[in-house]
>>> print(open('run02.tsv').read())   # TSV, C-alpha atoms and all ligand atoms
chain	number	residue	atom	x	y	z
A	1	MET	CA	-6.44	15.55	-5.12
A	2	LYS	CA	-2.71	15.47	-4.50
A	3	TRP	CA	-2.11	18.88	-6.07
A	4	ASP	CA	-5.48	20.49	-5.28
A	5	LYS	CA	-4.94	20.22	-1.52
A	6	TYR	CA	-2.33	22.99	-1.68
A	7	LYS	CA	-3.69	24.88	-4.69
A	8	GLY	CA	-2.48	28.48	-4.74
A	9	LYS	CA	0.08	27.82	-1.98
A	10	ASP	CA	3.80	27.32	-2.34
A	11	ILE	CA	3.69	23.85	-0.82
A	12	ILE	CA	5.09	20.89	-2.76
A	13	PRO	CA	2.58	18.05	-2.37
A	14	LEU	CA	4.35	14.83	-1.37
A	15	TRP	CA	1.45	13.26	0.51
A	16	VAL	CA	-1.28	10.94	-0.95
A	17	ALA	CA	0.01	7.82	-2.76
A	18	ASP	CA	-0.36	9.02	-6.36
A	19	MET	CA	2.65	9.47	-8.62
A	20	ASP	CA	3.21	12.58	-10.74
A	21	PHE	CA	4.11	10.49	-13.81
A	22	LEU	CA	2.12	9.97	-16.99
A	23	SER	CA	0.62	6.49	-17.19
A	24	PRO	CA	2.31	4.02	-19.58
A	25	PRO	CA	1.88	4.92	-23.29
A	26	ALA	CA	0.18	1.54	-23.91
A	27	VAL	CA	-2.49	2.47	-21.35
A	28	ILE	CA	-3.07	5.91	-22.85
A	29	ASP	CA	-3.31	4.41	-26.37
A	30	ALA	CA	-5.75	1.69	-25.28
A	31	LEU	CA	-7.98	4.21	-23.50
A	32	ASP	CA	-7.85	6.54	-26.48
A	33	LYS	CA	-8.98	3.72	-28.76
A	34	ARG	CA	-11.77	2.77	-26.38
A	35	VAL	CA	-13.01	6.37	-26.17
A	36	LYS	CA	-13.23	6.47	-29.98
A	37	HIS	CA	-15.48	3.41	-29.82
A	38	GLY	CA	-17.97	5.82	-28.28
A	39	ILE	CA	-20.34	3.46	-26.46
A	40	PHE	CA	-19.89	3.18	-22.71
A	41	GLY	CA	-22.31	0.63	-21.39
A	42	TYR	CA	-22.16	-1.75	-18.45
A	43	THR	CA	-19.22	-4.07	-18.89
A	44	LEU	CA	-18.43	-7.61	-17.83
A	45	PRO	CA	-14.87	-8.36	-16.72
A	46	PRO	CA	-13.08	-9.16	-20.00
A	47	ASP	CA	-11.97	-12.81	-20.37
A	48	GLU	CA	-8.63	-11.54	-21.62
A	49	LEU	CA	-8.01	-9.74	-18.31
A	50	TYR	CA	-8.63	-12.91	-16.27
A	51	GLY	CA	-6.02	-14.67	-18.42
A	52	ILE	CA	-3.55	-11.79	-18.06
A	53	VAL	CA	-3.92	-11.66	-14.27
A	54	ILE	CA	-3.65	-15.44	-13.87
A	55	SER	CA	-0.51	-15.67	-16.00
A	56	MET	CA	1.05	-12.60	-14.33
A	57	LEU	CA	0.55	-14.22	-10.88
A	58	GLU	CA	2.13	-17.46	-12.07
A	59	LYS	CA	5.02	-15.79	-13.89
A	60	GLU	CA	5.87	-13.22	-11.22
A	61	TYR	CA	5.18	-15.21	-8.06
A	62	GLY	CA	4.82	-18.86	-9.09
A	63	TRP	CA	1.25	-18.67	-7.76
A	64	LYS	CA	-1.29	-20.80	-9.64
A	65	THR	CA	-4.78	-19.28	-9.44
A	66	LYS	CA	-8.12	-19.90	-11.12
A	67	LYS	CA	-10.58	-17.64	-12.87
A	68	GLU	CA	-13.38	-18.35	-10.40
A	69	TRP	CA	-11.19	-17.19	-7.49
A	70	ILE	CA	-11.03	-13.62	-8.83
A	71	VAL	CA	-13.59	-11.05	-7.66
A	72	TRP	CA	-13.39	-7.62	-9.30
A	73	LEU	CA	-13.65	-4.56	-7.07
A	74	PRO	CA	-13.91	-0.83	-7.78
A	75	GLY	CA	-11.18	-0.12	-5.20
A	76	LEU	CA	-9.20	-1.79	-2.47
A	77	VAL	CA	-10.48	0.46	0.32
A	78	THR	CA	-13.86	-1.00	-0.62
A	79	GLY	CA	-12.20	-4.43	-0.48
A	80	LEU	CA	-10.93	-3.82	3.08
A	81	SER	CA	-14.43	-2.90	4.26
A	82	VAL	CA	-15.99	-5.87	2.47
A	83	VAL	CA	-13.46	-8.21	4.10
A	84	CYS	CA	-14.24	-6.83	7.58
A	85	ARG	CA	-17.97	-7.43	7.04
A	86	ALA	CA	-17.55	-10.81	5.32
A	87	VAL	CA	-15.55	-12.42	8.13
A	88	GLY	CA	-17.04	-13.08	11.58
A	89	LYS	CA	-19.89	-11.20	13.25
A	90	ASP	CA	-20.60	-7.80	14.79
A	91	ASN	CA	-18.31	-7.05	17.75
A	92	ASP	CA	-15.70	-9.58	16.66
A	93	ASP	CA	-12.08	-8.45	16.71
A	94	VAL	CA	-9.93	-7.50	13.73
A	95	MET	CA	-6.15	-7.29	14.17
A	96	THR	CA	-3.50	-5.32	12.35
A	97	ALA	CA	0.08	-4.13	12.88
A	98	VAL	CA	0.70	-0.38	13.12
A	99	PRO	CA	1.79	1.90	11.61
A	100	VAL	CA	-0.43	1.05	8.66
A	101	TYR	CA	-2.43	2.59	5.81
A	102	PRO	CA	-5.27	4.53	7.57
A	103	PRO	CA	-8.29	2.60	6.15
A	104	PHE	CA	-6.94	-0.52	7.95
A	105	LEU	CA	-7.64	1.37	11.17
A	106	THR	CA	-11.09	2.66	10.22
A	107	ALA	CA	-12.59	-0.25	8.24
A	108	PRO	CA	-13.15	-2.47	11.31
A	109	ALA	CA	-15.16	0.17	13.24
A	110	ASN	CA	-17.08	1.08	10.06
A	111	SER	CA	-18.00	-2.61	9.89
A	112	SER	CA	-19.06	-2.96	13.59
A	113	ARG	CA	-15.85	-4.78	14.47
A	114	ASN	CA	-13.29	-3.93	17.17
A	115	LEU	CA	-9.74	-3.14	16.19
A	116	ILE	CA	-6.79	-4.71	17.98
A	117	LYS	CA	-3.52	-2.98	17.16
A	118	THR	CA	-0.15	-4.57	17.58
A	119	ASP	CA	3.08	-2.66	16.97
A	120	LEU	CA	5.64	-3.20	14.28
A	121	VAL	CA	9.02	-2.91	16.00
A	122	GLU	CA	12.38	-1.64	14.80
A	123	ALA	CA	14.87	-4.49	15.10
A	124	ASN	CA	18.24	-4.98	13.38
A	125	GLY	CA	17.68	-1.80	11.40
A	126	GLU	CA	14.32	-2.74	9.95
A	127	TRP	CA	10.62	-2.80	10.76
A	128	ARG	CA	9.38	-6.22	11.87
A	129	PHE	CA	6.37	-7.97	13.32
A	130	ASP	CA	6.58	-8.72	17.02
A	131	PHE	CA	5.07	-12.19	16.92
A	132	GLU	CA	5.26	-12.69	20.68
A	133	SER	CA	3.17	-9.64	21.54
A	134	MET	CA	0.95	-10.29	18.53
A	135	GLU	CA	0.06	-13.71	19.85
A	136	LYS	CA	-0.53	-12.33	23.34
A	137	ALA	CA	-2.95	-9.75	21.90
A	138	ILE	CA	-5.14	-12.39	20.25
A	139	THR	CA	-8.59	-12.62	21.88
A	140	PRO	CA	-11.19	-15.40	21.58
A	141	ARG	CA	-13.12	-13.08	19.25
A	142	ALA	CA	-10.19	-12.36	16.92
A	143	ARG	CA	-11.38	-13.46	13.47
A	144	LEU	CA	-9.33	-11.48	10.97
A	145	PHE	CA	-5.80	-10.15	10.49
A	146	LEU	CA	-5.30	-7.26	8.07
A	147	LEU	CA	-1.85	-7.67	6.51
A	148	CYS	CA	-0.21	-5.06	4.29
A	149	ASN	CA	2.60	-6.54	2.15
A	150	PRO	CA	4.61	-4.72	0.86
A	151	HIS	CA	3.87	-2.61	3.89
A	152	ASN	CA	2.57	0.93	3.52
A	153	PRO	CA	4.02	3.05	5.17
A	154	VAL	CA	7.24	1.29	6.32
A	155	GLY	CA	8.19	-0.12	2.89
A	156	ARG	CA	9.00	-3.65	4.09
A	157	VAL	CA	8.71	-6.67	1.80
A	158	TYR	CA	8.08	-9.52	4.21
A	159	ASN	CA	10.26	-12.58	3.69
A	160	ILE	CA	9.20	-16.20	3.65
A	161	ASP	CA	10.06	-16.78	7.34
A	162	GLU	CA	8.02	-13.79	8.50
A	163	LEU	CA	5.04	-14.73	6.33
A	164	THR	CA	5.24	-18.37	7.43
A	165	SER	CA	5.28	-17.35	11.12
A	166	LEU	CA	2.31	-15.03	10.60
A	167	ALA	CA	0.40	-17.71	8.69
A	168	SER	CA	1.02	-20.33	11.39
A	169	ILE	CA	-0.27	-18.00	14.13
A	170	CYS	CA	-3.41	-17.36	12.06
A	171	ILE	CA	-3.88	-21.08	11.38
A	172	LYS	CA	-3.39	-21.92	15.07
A	173	HIS	CA	-5.98	-19.34	16.19
A	174	ASN	CA	-8.34	-19.82	13.27
A	175	ILE	CA	-7.91	-16.27	11.99
A	176	VAL	CA	-8.63	-15.27	8.38
A	177	ILE	CA	-5.90	-13.24	6.64
A	178	SER	CA	-6.70	-10.27	4.44
A	179	SER	CA	-3.52	-9.57	2.51
A	180	ASP	CA	-3.41	-6.17	0.79
A	181	GLU	CA	-0.68	-6.54	-1.84
A	182	ILE	CA	-1.45	-3.40	-3.87
A	183	HIS	CA	2.24	-2.34	-3.79
A	184	CYS	CA	3.63	-5.71	-4.99
A	185	GLY	CA	4.72	-4.31	-8.39
A	186	LEU	CA	6.92	-1.68	-6.70
A	187	LEU	CA	9.85	-3.66	-5.30
A	188	LEU	CA	12.92	-1.43	-5.28
A	189	ASP	CA	15.53	-3.81	-3.89
A	190	PRO	CA	16.52	-6.21	-6.68
A	191	GLY	CA	17.42	-8.88	-4.11
A	192	LYS	CA	13.89	-8.94	-2.70
A	193	ARG	CA	10.98	-10.94	-4.00
A	194	HIS	CA	7.29	-10.50	-3.30
A	195	ILE	CA	5.59	-13.58	-1.89
A	196	PRO	CA	1.78	-13.58	-1.90
A	197	ILE	CA	1.00	-15.08	1.52
A	198	ALA	CA	-1.71	-17.25	-0.07
A	199	SER	CA	0.97	-18.92	-2.19
A	200	LEU	CA	2.72	-20.36	0.90
A	201	SER	CA	0.51	-23.46	1.21
A	202	PRO	CA	-3.03	-24.65	0.41
A	203	GLU	CA	-3.79	-24.40	4.14
A	204	THR	CA	-2.81	-20.71	4.15
A	205	ALA	CA	-4.62	-20.03	0.87
A	206	ASP	CA	-7.74	-21.53	2.38
A	207	ARG	CA	-7.94	-18.71	4.95
A	208	THR	CA	-6.64	-15.85	2.84
A	209	ILE	CA	-8.30	-13.08	0.87
A	210	THR	CA	-5.66	-11.38	-1.29
A	211	LEU	CA	-6.25	-7.84	-2.54
A	212	MET	CA	-4.39	-6.55	-5.60
A	213	ALA	CA	-4.63	-3.86	-8.28
A	214	PRO	CA	-2.56	-2.36	-11.09
A	215	SER	CA	-3.32	1.13	-9.72
A	216	LYS	CA	-0.18	1.90	-7.69
A	217	THR	CA	2.39	0.36	-10.04
A	218	PHE	CA	1.01	1.89	-13.22
A	219	ASN	CA	-0.36	5.09	-11.68
A	220	LEU	CA	-4.04	4.42	-12.40
A	221	PRO	CA	-5.70	4.99	-9.00
A	222	GLY	CA	-8.45	7.17	-10.47
A	223	PHE	CA	-9.83	4.24	-12.49
A	224	GLY	CA	-10.71	2.00	-9.55
A	225	CYS	CA	-9.99	-1.39	-11.11
A	226	SER	CA	-8.87	-3.88	-8.50
A	227	PHE	CA	-9.53	-7.43	-7.44
A	228	ALA	CA	-9.66	-9.97	-4.64
A	229	ILE	CA	-8.36	-13.52	-5.02
A	230	ILE	CA	-10.22	-15.98	-2.81
A	231	SER	CA	-9.69	-19.70	-3.30
A	232	ASN	CA	-11.94	-20.80	-0.41
A	233	PRO	CA	-15.50	-21.02	-1.84
A	234	ASP	CA	-17.17	-20.28	1.51
A	235	LEU	CA	-15.11	-17.15	2.06
A	236	ARG	CA	-15.79	-16.12	-1.53
A	237	LYS	CA	-19.51	-16.60	-1.00
A	238	SER	CA	-19.52	-14.44	2.15
A	239	PHE	CA	-17.45	-11.79	0.33
A	240	ALA	CA	-19.86	-11.75	-2.63
A	241	ALA	CA	-22.88	-11.62	-0.30
A	242	VAL	CA	-21.58	-8.43	1.37
A	243	MET	CA	-20.90	-6.84	-2.03
A	244	ASN	CA	-24.26	-7.78	-3.46
A	245	GLY	CA	-26.33	-4.75	-4.50
A	246	ILE	CA	-23.96	-2.28	-2.82
A	247	VAL	CA	-20.55	-2.43	-4.48
A	248	PRO	CA	-20.69	-1.16	-8.06
A	249	ARG	CA	-19.11	-2.89	-11.03
A	250	VAL	CA	-15.70	-1.86	-12.28
A	251	ASN	CA	-16.06	0.62	-15.14
A	252	THR	CA	-15.11	-0.08	-18.75
A	253	MET	CA	-12.11	2.23	-18.78
A	254	GLY	CA	-10.67	0.60	-15.64
A	255	TYR	CA	-10.64	-2.82	-17.31
A	256	ILE	CA	-9.08	-1.43	-20.50
A	257	ALA	CA	-6.37	0.34	-18.49
A	258	ALA	CA	-5.67	-2.82	-16.44
A	259	ILE	CA	-5.26	-4.96	-19.57
A	260	ALA	CA	-2.81	-2.53	-21.18
A	261	ALA	CA	-0.92	-2.10	-17.90
A	262	TYR	CA	-0.39	-5.77	-17.09
A	263	ARG	CA	0.01	-6.93	-20.72
A	264	ASP	CA	1.98	-4.16	-22.41
A	265	SER	CA	3.77	-2.04	-19.82
A	266	TYR	CA	6.64	-4.13	-18.39
A	267	ASP	CA	9.35	-1.91	-19.91
A	268	TRP	CA	7.65	1.16	-18.52
A	269	GLN	CA	7.49	-0.51	-15.09
A	270	ALA	CA	11.20	-1.42	-15.21
A	271	ALA	CA	12.13	2.17	-16.10
A	272	LEU	CA	9.85	3.45	-13.34
A	273	LEU	CA	11.53	1.23	-10.75
A	274	ASP	CA	15.00	2.46	-11.82
A	275	TYR	CA	13.84	6.05	-11.41
A	276	LEU	CA	12.15	5.41	-8.07
A	277	ARG	CA	15.21	3.57	-6.77
A	278	GLU	CA	17.34	6.67	-7.34
A	279	ASN	CA	14.68	8.89	-5.78
A	280	ARG	CA	14.59	6.54	-2.81
A	281	ASP	CA	18.37	6.72	-2.35
A	282	LEU	CA	18.22	10.49	-2.53
A	283	VAL	CA	15.46	10.67	0.10
A	284	LEU	CA	17.35	8.36	2.46
A	285	SER	CA	20.60	10.26	2.15
A	286	TYR	CA	18.92	13.67	2.68
A	287	VAL	CA	16.61	12.56	5.50
A	288	ASN	CA	19.21	10.60	7.44
A	289	GLY	CA	21.44	13.68	7.25
A	290	MET	CA	18.81	15.96	8.84
A	291	PRO	CA	19.36	16.42	12.61
A	292	GLY	CA	16.86	14.33	14.57
A	293	LEU	CA	15.22	12.73	11.49
A	294	SER	CA	15.65	9.16	10.26
A	295	SER	CA	14.21	6.66	7.83
A	296	ARG	CA	14.85	2.93	7.52
A	297	GLN	CA	15.59	1.22	4.22
A	298	ILE	CA	12.61	1.33	1.83
A	299	GLU	CA	12.42	-2.06	0.08
A	300	ALA	CA	9.24	-1.28	-1.86
A	301	THR	CA	6.68	1.47	-2.58
A	302	TYR	CA	7.43	5.12	-3.37
A	303	LEU	CA	6.80	6.14	0.22
A	304	ALA	CA	9.34	7.06	2.90
A	305	TRP	CA	8.41	6.67	6.56
A	306	ILE	CA	10.27	9.34	8.49
A	307	ASP	CA	10.79	9.38	12.26
A	308	THR	CA	10.88	12.97	13.57
A	309	ARG	CA	10.62	12.14	17.28
A	310	ARG	CA	14.21	12.98	18.17
A	311	SER	CA	14.06	16.38	16.45
A	312	GLY	CA	11.93	18.18	19.02
A	313	ILE	CA	9.55	19.28	16.23
A	314	LYS	CA	6.09	19.36	17.81
A	315	ASP	CA	3.70	19.20	14.85
A	316	PRO	CA	5.81	17.81	11.97
A	317	VAL	CA	3.12	18.14	9.26
A	318	LYS	CA	2.53	21.83	10.09
A	319	PHE	CA	6.30	22.36	10.43
A	320	PHE	CA	7.00	21.01	6.95
A	321	GLU	CA	3.97	22.75	5.41
A	322	ASP	CA	5.37	26.01	6.80
A	323	ALA	CA	8.64	25.04	5.11
A	324	GLY	CA	6.78	24.46	1.81
A	325	VAL	CA	6.39	20.65	1.74
A	326	GLY	CA	3.11	18.74	2.23
A	327	LEU	CA	3.55	15.32	3.88
A	328	SER	CA	1.15	12.73	5.36
A	329	ASP	CA	0.70	12.68	9.12
A	330	GLY	CA	1.91	9.60	11.02
A	331	LYS	CA	-1.01	10.08	13.44
A	332	GLU	CA	-3.39	8.82	10.75
A	333	PHE	CA	-1.31	5.65	10.43
A	334	GLY	CA	-1.47	5.06	14.18
A	335	THR	CA	1.98	6.49	15.00
A	336	PRO	CA	2.33	10.20	15.84
A	337	GLY	CA	5.78	11.73	15.46
A	338	PHE	CA	6.26	10.23	11.99
A	339	VAL	CA	5.56	11.68	8.55
A	340	ARG	CA	5.23	9.90	5.21
A	341	LEU	CA	6.88	11.35	2.13
A	342	ASN	CA	5.81	10.33	-1.39
A	343	PHE	CA	8.83	10.32	-3.72
A	344	GLY	CA	6.87	9.31	-6.84
A	345	CYS	CA	7.61	12.61	-8.55
A	346	GLN	CA	10.15	14.32	-10.79
A	347	ARG	CA	13.62	14.35	-9.29
A	348	SER	CA	14.03	18.14	-9.57
A	349	LEU	CA	10.84	18.66	-7.57
A	350	LEU	CA	11.93	16.07	-5.01
A	351	ILE	CA	15.30	17.78	-4.56
A	352	LYS	CA	13.58	21.14	-4.13
A	353	ALA	CA	11.34	19.65	-1.42
A	354	LEU	CA	14.22	17.89	0.34
A	355	GLU	CA	16.28	21.11	0.30
A	356	ARG	CA	13.36	22.98	1.86
A	357	MET	CA	13.04	20.31	4.54
A	358	ALA	CA	16.78	20.21	5.23
A	359	THR	CA	17.00	24.00	5.62
A	360	ALA	CA	14.00	24.11	7.97
A	361	VAL	CA	15.21	21.19	10.11
A	362	GLN	CA	18.72	22.64	10.31
A	363	LYS	CA	17.34	26.03	11.42
A	364	HIS	CA	15.15	24.31	13.99
A	365	ALA	CA	18.10	22.31	15.33
A	366	GLU	CA	20.24	25.46	15.60
A	367	GLY	CA	17.37	27.20	17.42
A	368	LEU	CA	17.16	24.35	19.89
A	369	PHE	CA	20.90	24.53	20.40
A	370	GLU	CA	20.72	28.27	21.09
A	371	VAL	CA	17.96	27.73	23.64
A	372	SER	CA	19.72	24.88	25.41
A	373	ARG	CA	22.94	26.95	25.68
B	401	LIG	C1	-2.07	-0.51	1.15
B	401	LIG	C2	-3.09	0.22	0.33
B	401	LIG	N1	-4.29	-0.33	0.10
B	401	LIG	C3	-5.23	0.30	-0.64
B	401	LIG	C4	-5.00	1.55	-1.18
B	401	LIG	C5	-6.06	2.27	-1.96
B	401	LIG	O1	-6.67	1.44	-2.84
B	401	LIG	P1	-7.86	1.94	-3.78
B	401	LIG	O2	-7.45	3.25	-4.37
B	401	LIG	O3	-7.97	0.85	-4.78
B	401	LIG	O4	-9.07	2.06	-2.91
B	401	LIG	C6	-3.76	2.18	-0.97
B	401	LIG	C7	-3.50	3.52	-1.50
B	401	LIG	O5	-2.58	4.18	-1.14
B	401	LIG	C8	-2.78	1.49	-0.20
B	401	LIG	O6	-1.58	2.03	0.03
>>> encode(input="run02.tsv", output="C-alpha cells")
Amino acid sequence: MKWDKYKGKDIIPLWVADMDFLSPPAVIDALDKRVKHGIFGYTLPPDELYGIVISMLEKEYGWKTKKEWIVWLPGLVTGLSVVCRAVGKDNDDVMTAVPVYPPFLTAPANSSRNLIKTDLVEANGEWRFDFESMEKAITPRARLFLLCNPHNPVGRVYNIDELTSLASICIKHNIVISSDEIHCGLLLDPGKRHIPIASLSPETADRTITLMAPSKTFNLPGFGCSFAIISNPDLRKSFAAVMNGIVPRVNTMGYIAAIAAYRDSYDWQAALLDYLRENRDLVLSYVNGMPGLSSRQIEATYLAWIDTRRSGIKDPVKFFEDAGVGLSDGKEFGTPGFVRLNFGCQRSLLIKALERMATAVQKHAEGLFEVSR
C-alpha cells in the first residue's frame, strides 16, 4: 500500500505507518515453519501467547494483567470502532485530542456517536493536553475519551502527571478511557518510559480499555494480530457483545508472528530503535533548518509531525509530491497546515527525500522573497 500509491512515479513514499524493514528473523523463521506444517484451519489464541503478553506487560511496564482480561482483535482500527459502540448509547459524545490518528475522528460517527475535539497545545516546546479546555468541553453525554499514547502523530510519550490528570478528569466525569498504545514499543528517548494508563490505579483500570499490538514495533501490520486488555468484566462483556458474529478471529499466521516477535525479537527491536533514533535526529535537523517548517521533539514512533504554516505553502502534500516526496496530510488528523513524515525507512532513502524537500522549500522561500521585494 505504501509503495503502490506512487507506483510508476518518482515520489518517495513516506506516508502510511509501515516501515520498509524486513520483519525480525525469528518471525520469518516461525512463519516459514508454520507454512511447512501445511494445514491452516481456524485457530484459538495460543496459551503460550497469553503468557508471553502477560509477562511482557509486567516486565516492561510493571503492569500485572490476567489472561481473562485479554480480547484478541484482527486490528486496532476495528478495536476503536468496537470501543465506540461498546460504551454508551447512540448520540452520546466521544472525546479526543487533535491532531490524532484519523480513525479516532471517524470511528465515533461510524458508531452513531458525536465527536468532541479538544486541541493539543504547544507549550514549553512540546505538545500537551490542555486540561482546562478539555474539562470545559465535557458534556453531560460525554461517555468515552479516545487516548493515543504514545501519540500518533505528535510523538509524545505522556508522563505520569499528565496521565494522572487525564485519569482524574475521566473518573470525575464518569468517562471511559480507550487507550491506544500501539506505538508503546517504539520509545526513542532513553529517558522516557511508557506508562499504560490502566496501570496507574485499580480505579483507572476499571474504566479503561487498552489497545495494543506487536504490529508497529515489529513491522507486522499486514497480519492483523492485536488485542484489548479490559479488567472490568462489564466493559469486557459489552465489548465482546459488539464483536459477536461480526469481528473475525485473528488468523493463525498473526498469532505465530506475535509469539516470535514478543518472545524472540528483543535484540532486533533494540537495533531498530538505535536506527530510528538516528533517522529521527536527521529529520529534525533537516526539517528545522527548512525556512518556515518546524517539528517538535519526537519521543516515540517513527513519525514526524511537521508544521508548514509559516512557510506560505498552500497545499503542502501536493507541494511535496511535486518535489518527489509523499507525506500524510495533516487535514486527515484534524489539523491542516501540517504533514506527517514516516522515517521508518533506509537512511539513504530518507536523506534523498529530505534533500528533495529542502531544495523545494528553499526555492519556494526564495520565490516568496522575490515577490515581497
Ligand atoms: C494509533 C494507531 N492505532 C491503530 C493503528 C492501526 O492499527 P491496525 O493496523 O491494527 O488496525 C495505527 C496505525 O498506524 C495507529 O497509529
>>> residues_around(input="run02.tsv", residues="segment 121-138 of chain A", least_positions_apart="4", cutoff="12 Å", atoms="all atoms listed in the file", output="JSON, numbers by chain")
{"A": [92, 93, 94, 95, 96, 97, 98, 99, 100, 115, 116, 117, 142, 143, 144, 145, 147, 148, 149, 150, 151, 152, 153, 154, 155, 156, 157, 158, 159, 161, 162, 163, 164, 165, 166, 167, 168, 169, 170, 171, 172, 173, 174, 175, 294, 295, 296, 297, 298, 299, 305, 307, 335]}
>>> residues_around(input="run02.tsv", residues="Ala30 of chain A", least_positions_apart="3", cutoff="8 Å", atoms="all atoms listed in the file", output="PDB file with C-alpha atoms, in the coordinates of the input")
ATOM      1  CA  ALA A  26       0.180   1.540 -23.910  1.00  0.00           C
ATOM      2  CA  VAL A  27      -2.490   2.470 -21.350  1.00  0.00           C
ATOM      3  CA  LYS A  33      -8.980   3.720 -28.760  1.00  0.00           C
ATOM      4  CA  ARG A  34     -11.770   2.770 -26.380  1.00  0.00           C
ATOM      5  CA  ILE A 256      -9.080  -1.430 -20.500  1.00  0.00           C
ATOM      6  CA  ALA A 257      -6.370   0.340 -18.490  1.00  0.00           C
ATOM      7  CA  ALA A 260      -2.810  -2.530 -21.180  1.00  0.00           C
TER       8      ALA A 260
END
>>> residues_around(input="run02.tsv", residues="Ser179 of chain A", least_positions_apart="5", cutoff="8 Å", atoms="all atoms listed in the file", output="MDAnalysis selection string")
chainID A and resid 146:149 196:197 208:211
>>> residues_near_ligand(input="run02.tsv", ligand="ligand LIG 401 (chain B)", cutoff="8 Å", atoms="only C-alpha atoms and all ligand atoms", output="NGL selection string")
:A and (16-18 or 74-80 or 100-101 or 103 or 148-153 or 180-183 or 213 or 215-216 or 221-222 or 224-226)
>>> closest_residue(input="run02.tsv", among="A:Leu120, A:Ile306, A:Ala205, A:Ala360", to="Trp69 of chain A", atoms="all atoms listed in the file")
A:Ala205
>>> atom_distance(input="run02.tsv", atom1="atom CA of Leu282 of chain A", atom2="atom CA of Leu187 of chain A")
16.7 Å
>>> atom_distance(input="run02.tsv", atom1="atom CA of Tyr275 of chain A", atom2="atom CA of Tyr302 of chain A")
10.3 Å
>>> residues_around(input="run02.tsv", residues="Ala86 of chain A", least_positions_apart="2", cutoff="7 Å", atoms="all atoms listed in the file", output="PyMOL selection string")
chain A and resi 82-84+88+238-239+242
>>> atom_distance(input="run02.tsv", atom1="atom CA of Lys64 of chain A", atom2="atom CA of Ala270 of chain A")
23.7 Å
>>> closest_residue(input="run02.tsv", among="A:Thr301, A:Ile313, A:Gly337, A:Cys184", to="Gly367 of chain A", atoms="all atoms listed in the file")
A:Ile313
>>> closest_residue(input="run02.tsv", among="A:Ser81, A:Val339, A:Arg263, A:Ala258", to="Lys318 of chain A", atoms="all atoms listed in the file")
A:Val339
>>> residues_near_point(input="run02.tsv", point="(3.3, 20.2, 3.0)", cutoff="8 Å", atoms="all atoms listed in the file", output="compact mmCIF listing (two decimals) with C-alpha atoms, keeping the file's coordinate frame")
# COMPACT_ATOMS: atom_id res chain seq x y z
CA TYR A 6 -2.33 22.99 -1.68
CA ILE A 11 3.69 23.85 -0.82
CA ILE A 12 5.09 20.89 -2.76
CA PRO A 13 2.58 18.05 -2.37
CA LEU A 14 4.35 14.83 -1.37
CA TRP A 15 1.45 13.26 0.51
CA VAL A 317 3.12 18.14 9.26
CA LYS A 318 2.53 21.83 10.09
CA PHE A 320 7.00 21.01 6.95
CA GLU A 321 3.97 22.75 5.41
CA ASP A 322 5.37 26.01 6.80
CA ALA A 323 8.64 25.04 5.11
CA GLY A 324 6.78 24.46 1.81
CA VAL A 325 6.39 20.65 1.74
CA GLY A 326 3.11 18.74 2.23
CA LEU A 327 3.55 15.32 3.88
